[in-house]
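In what follows, a structure is listed as structure tokens, so that the remarks can point back to it.
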Amino acid sequence: MSFLNVLNLSENRIYTLSNNLRSDLDDIVTSRNNDTLTVDLSKNVIACSCDNLEVLEWILEHTAPTSNLLSVKISTCYYIHNISALPSPTVIWTKNDLAYQITFLQKFCTSYSSLLITLVVILFVVVNIIVASLIHRFRWKIRYWYYVGHSNDTTSNDYTALDNSLRFSRFKYDIYLAYEEDAREFVFETLKPKLLEFEYVVFVHDDILDGLPLCNVLTKSIHASRVVVFILSNGSRQSLEWKIAAHITNEESNYRGKPISLAMFYNSDSTQGLPENLQLLRHDAFIDYPINGSDGEITAFWEDLKTKVHAIDKTAL
């Protein structure tokens, strides 16, 4: 290599130069005593691309006129960005021609990188929006399966279901009562005592001890109840307890493949805030409490309530 003056690599379909090759050529020249080495890369397919920009800058540094003892010649470079078309050759006559192409590529590659980064950021944001939308849309289903999936974990207050499978197990509660604060007196002084008199096992959210996770306890309690009764009063039906009961009852009905809820009109005739399957206004899923009714009407109400609860409980899964 000490007497090598020209390295002819022309017409070899070379499109790039590896780091090792460039380093070796520089080392050869450095090890010699002021002898120049010319590398002829003319009539090759040197790529004018972002991936090859570092190679082109190295060639420019060693293109005559240059103070380097290593001189590199190229005659064309090929643009290959448009993969749907054949590579487009650009003739390189002078060092300025090559410098112009490199300047163009530097600007293009910078904008290209910015575009890629922008697209990645946009894609990331879009994916996150889609994921967030799906999570929001199915948030109650996700909560339902999360809490029900842990239904074997018995707490110290024994609020969990008896078994994971409702199809082959007894329920822990006969009736779950969902109500707003304005109906609390009716629930505790009239409704719940009467249901207990009928030997129903009743769950109300006021039974939950302070400090227990509300959504967890209510979900498992509905999962372990035969029937959910919604007391329709003049309350806003915007409390957290009501919302949880409405959404989880809907998910539980879907899971069992049958309706499990009953709506009791106490002092309101609005169905706002009820689970979706109850808002379809099934005739057998509603019952009116006769606030100012006679003894006979009150008695008939309790019998009708027992009949409706029994009908829901015995509906085939």
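Chain labels follow the order of the structure tokens: the first chain is A, the next B, and so on; residue numbering restarts at 1 in every chain, and ligands are counted from 1 in their shown order.
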
Out of region 10-104 of chain A, which residues get alpha helix (DSSP H) from DSSP, as a PyMOL selection string? chain A and resi 19-30+53-61+95-104

Could you pull the residues within 9 Å of Asp35 (chain A), counting only C-alpha atoms, minus those fewer than 4 positions along the same chain, as a VMD selection string? chain A and resid 2 to 5 29 69 to 70

At a cut-off of 9 Å, can you tabulate as a tab-separated table every residue of region 151-257 of chain A near region 266-277 of chain A together with its closest atom pair and the distance in Å to one decimal, using only C-alpha atoms and ordering rows by chain then number?
```
residue	atom	partner	partner_atom	distance
A:Ala183	CA	A:Tyr266	CA	8.1
A:Phe186	CA	A:Tyr266	CA	8.8
A:Phe230	CA	A:Leu274	CA	7.8
A:Ile231	CA	A:Tyr266	CA	6.4
A:Leu232	CA	A:Tyr266	CA	5.6
A:Ser233	CA	A:Ser268	CA	5.0
A:Asn234	CA	A:Ser268	CA	5.5
A:Gly235	CA	A:Ser268	CA	8.9
A:Ser236	CA	A:Gly273	CA	8.6
A:Arg237	CA	A:Gly273	CA	5.9
A:Gln238	CA	A:Gly273	CA	7.7
A:Trp242	CA	A:Gly273	CA	8.0
A:Lys243	CA	A:Gly273	CA	7.5
A:Ala245	CA	A:Pro275	CA	8.4
A:Ala246	CA	A:Pro275	CA	4.8
A:His247	CA	A:Pro275	CA	6.1
A:Ile248	CA	A:Pro275	CA	8.5
A:Thr249	CA	A:Pro275	CA	6.8
A:Asn250	CA	A:Pro275	CA	5.5
A:Ser253	CA	A:Asn277	CA	8.2
```

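Between CA of Phe198 (chain A) and CA of Ser294 (chain A) the separation is 20.5 Å.
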
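Our summary of the geometry notes that CA of Lys258 (chain A) is positioned 12.2 Å from CA of Ala285 (chain A).
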
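Rounded to one decimal, CA of Leu98 (chain A) and CA of Leu56 (chain A) lie 8.1 Å from each other.
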
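In terms of minimum interatomic distance to Leu105 (chain A), A:Cys48 ranks closest within A:Cys77, A:Thr118, A:Cys48, A:Val127, counting only C-alpha atoms.
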